[in-house]
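**Q** Take this structure first; my questions come after.
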Amino acid sequence: MKTNYSTRYAASPQDVKSYDTARIREEFLIDNLMEKNVINFTYSHYDRFITGSAVPTNSSLKLETIDALKAENFLDRRELGIINVGQAGKVTVDGTEYALEHKEALYVGQGNKNVKFSSESAENPAMFYLNSTPAHKAFPTKKIGRNDVETVELGSPETANARTLRKYIVNSVVDVCQLQMGMTTIKPGSSWNTMPAHVHDRRMEIYFYFEVAEDQAVCHFMGEPTETRHIWMGNNQAVISPPWSIHSGSGTSSYSFIWGMAGENLDYGDMDHCKINELR
Ligand SMILES: O=C(O)C(=O)C[C@H](O)C(=O)CO
Ligand SMILES: [Zn+2]
């Protein structure tokens, strides 16, 4: 068995107010990503969003169903987004091969049965970050190369939030049921992501932090805008952001993160912004 999964339940903002550090990490932090030769999944009951990773080395890894789905194949009722944050690799979908270089992505539509992950080099493997959400329709599988993304420059050095946001899996780039994924990179000298902060009660979100230097960290802020909490995050860790929560972070050095979302609508810009001086 090369696939592991664990379950996280949804939590009320009233309850989260009283969580201590250990409990908040237990409920929201995902710290088993990018383990070699296994697929590790976390199944969140927020919008039934599954987060995981596949790092194949000498042999390929197969996308196996998990008991939580009670489905013969993982994608019988789901869609899947994949972003490679490692070196060159390949994803095979029902016999068709897609080569994915560093920071290239693949959208895999509902109904595909046989999905396999492999690396070109066992020493420098591909590192596939995976997000999956329930799907009601089979859209075509599509590769999103680095030139296919929509790029937006945000923030400024003066407010320490200069960053480049790249939209990979959004409905203006690829047909999707509900999954959205993209990548944001903080510019050297800046530290803040997603500041001014926002909430979107229509959608939950998961942030996967990577390119964090070993001796550095990102402090991720969550919680209701007037009742914030923080989680210190290291490289290759993800954090679940409930629909009622802000999701913002400040790093001790530059870093990148992948955001993945699911929920009520496909409008990337649907956000309720918070006034910075009203955060508590
Ligand atoms: O830096 C940012 O701002 C983001 O990356 C924001 C995320 O894309 C997001 O929160 C979308 O709702
Ligand atoms: Zn958001």
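Starting from 1 in every chain, residues are counted up; chains themselves are A, B, ... following the order of the structure tokens, and ligands are numbered from 1 as listed.
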Need to verify the contact set: A:Glu278, 10 Å, only C-alpha atoms, exclusion of same-chain residues closer than 2 positions in sequence. Can you return it as number ranges by chain?
**A** A: 225-226, 274-276, 280
**Q** Just to be explicit: take each residue in the selection above, keep C-alpha atoms, and write the result as a short mmCIF file (atom, residue, chain, number, x, y, z; two decimals), in the first residue's frame.
**A**
data_model
loop_
_atom_site.label_atom_id
_atom_site.label_comp_id
_atom_site.auth_asym_id
_atom_site.auth_seq_id
_atom_site.Cartn_x
_atom_site.Cartn_y
_atom_site.Cartn_z
CA PRO A 225 -10.61 39.00 11.00
CA THR A 226 -11.14 40.27 14.54
CA CYS A 274 -10.49 43.35 5.53
CA LYS A 275 -9.20 46.71 6.62
CA ILE A 276 -5.63 46.24 7.84
CA ARG A 280 -7.33 41.94 15.72
#
**Q** So which residues touch stretch 229-234 of chain A within 6 Å, counting only C-alpha atoms, skipping near sequence neighbours fewer than 4 positions away, as a PyMOL selection string?
**A** chain A and resi 217-223
**Q** Which one is closest to ligand 1: A:Val239, A:Val173, A:Ala162, A:Met34? Count only C-alpha atoms and all ligand atoms.
**A**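 The answer is A:Ala162, which sits nearest to ligand 1.
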**Q** Let me have all residues with an atom within 9 Å of ligand 2, counting only C-alpha atoms and all ligand atoms, laid out as an MDAnalysis selection string.
**A** chainID A and resid 194 197:200 203:206 241 243 246:248 259:261 268:271
**Q** With C-alpha atoms kept, could you save the residues just selected as a PDB file, in the first residue's frame?
**A**
ATOM      1  CA  THR A 194      -2.443  38.168   0.877  1.00  0.00           C
ATOM      2  CA  ALA A 197      -6.252  40.062   4.010  1.00  0.00           C
ATOM      3  CA  HIS A 198      -9.625  38.808   2.850  1.00  0.00           C
ATOM      4  CA  VAL A 199     -12.240  36.166   3.555  1.00  0.00           C
ATOM      5  CA  HIS A 200     -14.592  34.413   1.121  1.00  0.00           C
ATOM      6  CA  ARG A 203     -14.925  29.072  -0.699  1.00  0.00           C
ATOM      7  CA  MET A 204     -12.424  27.307   1.523  1.00  0.00           C
ATOM      8  CA  GLU A 205      -8.743  27.474   0.687  1.00  0.00           C
ATOM      9  CA  ILE A 206      -5.535  25.533   1.354  1.00  0.00           C
ATOM     10  CA  SER A 241      -8.153  27.766   5.662  1.00  0.00           C
ATOM     11  CA  PRO A 243     -14.268  29.690   4.598  1.00  0.00           C
ATOM     12  CA  ILE A 246      -8.406  35.008   6.741  1.00  0.00           C
ATOM     13  CA  HIS A 247      -5.347  33.363   5.161  1.00  0.00           C
ATOM     14  CA  SER A 248      -2.290  35.541   5.067  1.00  0.00           C
ATOM     15  CA  TRP A 259      -3.228  28.234  -3.132  1.00  0.00           C
ATOM     16  CA  GLY A 260      -6.055  25.834  -3.889  1.00  0.00           C
ATOM     17  CA  MET A 261      -9.737  26.622  -3.493  1.00  0.00           C
ATOM     18  CA  TYR A 268     -11.374  34.294  -8.341  1.00  0.00           C
ATOM     19  CA  GLY A 269     -12.041  37.949  -7.457  1.00  0.00           C
ATOM     20  CA  ASP A 270     -14.915  37.160  -5.090  1.00  0.00           C
ATOM     21  CA  MET A 271     -13.276  38.270  -1.831  1.00  0.00           C
TER      22      MET A 271
END
**Q** Using only C-alpha atoms for the distances, tell me which of A:Asn131, A:Ser172, A:Ser18, A:Ser6 is nearest to A:Gly52.
**A** A:Asn131
**Q** Set the distance at 8 Å and use only C-alpha atoms: which residues neighbour stretch 135-137 of chain A once local chain neighbours fewer than 3 positions away are removed? I'd like the list as a ChimeraX atom specification.
**A** /A:77-79,110,177-178
**Q** So that I can check the secondary structure, give me every residue of stretch 35-243 of chain A assigned strand (DSSP E or B) by backbone DSSP, as a VMD selection string.
**A** chain A and resid 36 39 to 44 50 to 55 61 to 62 78 to 84 89 to 93 96 to 100 105 to 108 115 to 119 128 to 134 142 to 144 150 to 154 163 to 169 180 to 186 192 to 193 198 to 199 203 to 210 218 to 224 227 to 233 237 to 241
**Q** Check stretch 31-254 of chain A with DSSP on the backbone and list each residue it calls helix (DSSP H, G or I), as a list in words.
**A**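 Everything in stretch 31-254 of chain A that counts as helix (DSSP H, G or I) is Asp67, Ala68, Leu69, Pro157, Glu158 and Thr159 of chain A.
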**Q** Kindly export the residues of the current selection with N, CA and C atoms, as a tab-separated table (two decimals), in the first residue's frame.
**A**
chain	number	residue	atom	x	y	z
A	67	ASP	N	-10.53	4.67	1.00
A	67	ASP	CA	-11.78	4.16	1.54
A	67	ASP	C	-12.81	5.28	1.76
A	68	ALA	N	-12.33	6.48	2.10
A	68	ALA	CA	-13.24	7.61	2.38
A	68	ALA	C	-14.15	7.91	1.18
A	69	LEU	N	-13.72	7.55	-0.03
A	69	LEU	CA	-14.50	7.89	-1.22
A	69	LEU	C	-15.57	6.85	-1.55
A	157	PRO	N	7.00	47.20	-2.66
A	157	PRO	CA	8.07	47.07	-1.65
A	157	PRO	C	7.79	47.94	-0.43
A	158	GLU	N	7.14	49.08	-0.63
A	158	GLU	CA	6.87	50.00	0.49
A	158	GLU	C	5.99	49.36	1.57
A	159	THR	N	5.08	48.48	1.15
A	159	THR	CA	4.21	47.83	2.13
A	159	THR	C	4.63	46.37	2.35
**Q** Near stretch 84-92 of chain A, counting only C-alpha atoms, which residues have an atom at most 8 Å away, once you skip same-chain residues fewer than 6 positions from it, shown as an mmCIF file with N, CA and C atoms, in the first residue's frame?
**A**
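So part.cif came out as:
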data_model
loop_
_atom_site.group_PDB
_atom_site.id
_atom_site.type_symbol
_atom_site.label_atom_id
_atom_site.label_comp_id
_atom_site.auth_asym_id
_atom_site.auth_seq_id
_atom_site.Cartn_x
_atom_site.Cartn_y
_atom_site.Cartn_z
ATOM 1 N N TYR A 98 1.881 13.002 -19.962
ATOM 2 C CA TYR A 98 2.068 14.455 -19.884
ATOM 3 C C TYR A 98 3.382 14.702 -19.155
ATOM 4 N N ALA A 99 4.349 15.294 -19.858
ATOM 5 C CA ALA A 99 5.629 15.622 -19.214
ATOM 6 C C ALA A 99 5.441 16.926 -18.446
ATOM 7 N N LEU A 100 5.790 16.929 -17.182
ATOM 8 C CA LEU A 100 5.650 18.149 -16.367
ATOM 9 C C LEU A 100 7.015 18.560 -15.838
ATOM 10 N N GLU A 101 7.483 19.716 -16.303
ATOM 11 C CA GLU A 101 8.729 20.282 -15.784
ATOM 12 C C GLU A 101 8.410 21.019 -14.485
ATOM 13 N N HIS A 102 9.468 21.524 -13.847
ATOM 14 C CA HIS A 102 9.341 22.324 -12.623
ATOM 15 C C HIS A 102 8.298 23.440 -12.830
ATOM 16 N N LYS A 103 7.348 23.521 -11.942
ATOM 17 C CA LYS A 103 6.303 24.559 -11.929
ATOM 18 C C LYS A 103 5.365 24.494 -13.139
ATOM 19 N N GLU A 104 5.185 23.281 -13.674
ATOM 20 C CA GLU A 104 4.129 23.080 -14.666
ATOM 21 C C GLU A 104 2.995 22.294 -13.999
ATOM 22 N N ALA A 105 1.802 22.431 -14.573
ATOM 23 C CA ALA A 105 0.620 21.852 -13.909
ATOM 24 C C ALA A 105 -0.198 21.004 -14.867
ATOM 25 N N ASN A 114 -6.931 5.545 -14.654
ATOM 26 C CA ASN A 114 -5.568 5.075 -14.392
ATOM 27 C C ASN A 114 -4.593 6.252 -14.461
ATOM 28 N N VAL A 115 -4.220 6.768 -13.310
ATOM 29 C CA VAL A 115 -3.312 7.932 -13.248
ATOM 30 C C VAL A 115 -2.036 7.497 -12.550
ATOM 31 N N LYS A 116 -0.891 7.749 -13.214
ATOM 32 C CA LYS A 116 0.393 7.329 -12.638
ATOM 33 C C LYS A 116 1.369 8.489 -12.646
ATOM 34 N N PHE A 117 2.195 8.542 -11.606
ATOM 35 C CA PHE A 117 3.193 9.606 -11.461
ATOM 36 C C PHE A 117 4.576 8.977 -11.551
ATOM 37 N N SER A 118 5.497 9.614 -12.315
ATOM 38 C CA SER A 118 6.875 9.109 -12.323
ATOM 39 C C SER A 118 7.845 10.276 -12.447
ATOM 40 N N SER A 119 9.102 10.000 -12.091
ATOM 41 C CA SER A 119 10.154 11.018 -12.149
ATOM 42 C C SER A 119 11.150 10.645 -13.224
ATOM 43 N N GLU A 120 11.782 11.649 -13.830
ATOM 44 C CA GLU A 120 12.838 11.348 -14.801
ATOM 45 C C GLU A 120 14.080 10.841 -14.093
ATOM 46 N N SER A 121 14.372 11.411 -12.913
ATOM 47 C CA SER A 121 15.569 11.009 -12.169
ATOM 48 C C SER A 121 15.193 10.695 -10.725
ATOM 49 N N ASN A 124 16.857 13.289 -8.404
ATOM 50 C CA ASN A 124 16.220 14.617 -8.423
ATOM 51 C C ASN A 124 14.771 14.448 -8.856
ATOM 52 N N PRO A 125 13.946 13.917 -7.985
ATOM 53 C CA PRO A 125 12.599 13.520 -8.408
ATOM 54 C C PRO A 125 11.644 14.693 -8.642
ATOM 55 N N ALA A 126 10.587 14.383 -9.358
ATOM 56 C CA ALA A 126 9.455 15.304 -9.441
ATOM 57 C C ALA A 126 8.782 15.318 -8.068
ATOM 58 N N MET A 127 8.178 16.427 -7.723
ATOM 59 C CA MET A 127 7.424 16.540 -6.457
ATOM 60 C C MET A 127 6.048 17.081 -6.831
ATOM 61 N N PHE A 128 5.096 16.172 -6.907
ATOM 62 C CA PHE A 128 3.765 16.563 -7.370
ATOM 63 C C PHE A 128 2.897 16.957 -6.174
ATOM 64 N N TYR A 129 2.420 18.201 -6.180
ATOM 65 C CA TYR A 129 1.466 18.658 -5.159
ATOM 66 C C TYR A 129 0.070 18.458 -5.742
#
**Q** Nearest to ligand 1: which of A:Asp15, A:Glu153, A:Asp175, A:Glu35 is it, counting only C-alpha atoms and all ligand atoms?
**A** A:Glu153
**Q** If we count only C-alpha atoms and set the cut-off at 8 Å, which residues sit around A:Lys142, ignoring sequence neighbours fewer than 4 positions away in its own chain? Please answer as a list of chain:residue names.
**A**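 What passes the distance filter is A:Leu106, A:Tyr107, A:Val108, A:Val174.
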**Q** Would you output that residue set with C-alpha atoms, as a PDB file, in the first residue's frame?
**A**
ATOM      1  CA  LEU A 106      -1.953  19.342 -15.083  1.00  0.00           C
ATOM      2  CA  TYR A 107      -5.722  19.374 -14.665  1.00  0.00           C
ATOM      3  CA  VAL A 108      -7.188  15.846 -14.730  1.00  0.00           C
ATOM      4  CA  VAL A 174      -9.007  25.538 -18.112  1.00  0.00           C
TER       5      VAL A 174
END
**Q** Between A:Gly263, A:Pro13, A:Gly182, A:Gly189, which is the closest to ligand 1 once you count only C-alpha atoms and all ligand atoms?
**A**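 The closest residue to ligand 1 is A:Gly182.
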**Q** Residues within 10 Å of A:Asp215, please, as an NGL selection string. Count only C-alpha atoms; anything in the same chain fewer than 4 positions from it doesn't count.
**A** :A and (234-235 or 252-253)
**Q** Restricted to C-alpha atoms, what would the selected residues look like written as a compact mmCIF listing (two decimals), in the first residue's frame?
**A**
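Once written, selection04.txt looks like this:
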# COMPACT_ATOMS: atom_id res chain seq x y z
CA GLY A 234 8.14 25.34 7.52
CA ASN A 235 9.02 24.24 4.01
CA THR A 252 11.30 35.60 7.59
CA SER A 253 12.74 35.37 4.03
**Q** For A:Phe49, find every residue with an atom within 8 Å (counting only C-alpha atoms), except residues of its own chain fewer than 6 positions away, and show them as an MDAnalysis selection string.
**A** chainID A and resid 43 131:134 262
**Q** For the atom pair atom CA of A:Ala238 and atom CA of A:Ile169, what is the interatomic distance in Å to one decimal place?
**A**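 Taking atom CA of A:Ala238 as the start and atom CA of A:Ile169 as the end point, the length is 18.2 Å.
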**Q** Which value, in Å to one decimal, gives the distance between atom CA of A:Met181 and atom CA of A:Thr51?
**A**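 Atom-to-atom, atom CA of A:Met181 to atom CA of A:Thr51, that is 11.7 Å.
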**Q** Which one is closest to ligand 1: A:Gly145, A:Thr184, A:Ser250, A:Asp272? Count only C-alpha atoms and all ligand atoms.
**A**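 Looking at the shortest contact to ligand 1, the residue is A:Thr184.
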**Q** So which one's closest to A:Tyr207, A:Ile66, A:Leu80, A:Ile240, A:Ile24? Using only C-alpha atoms, please.
**A** A:Ile240
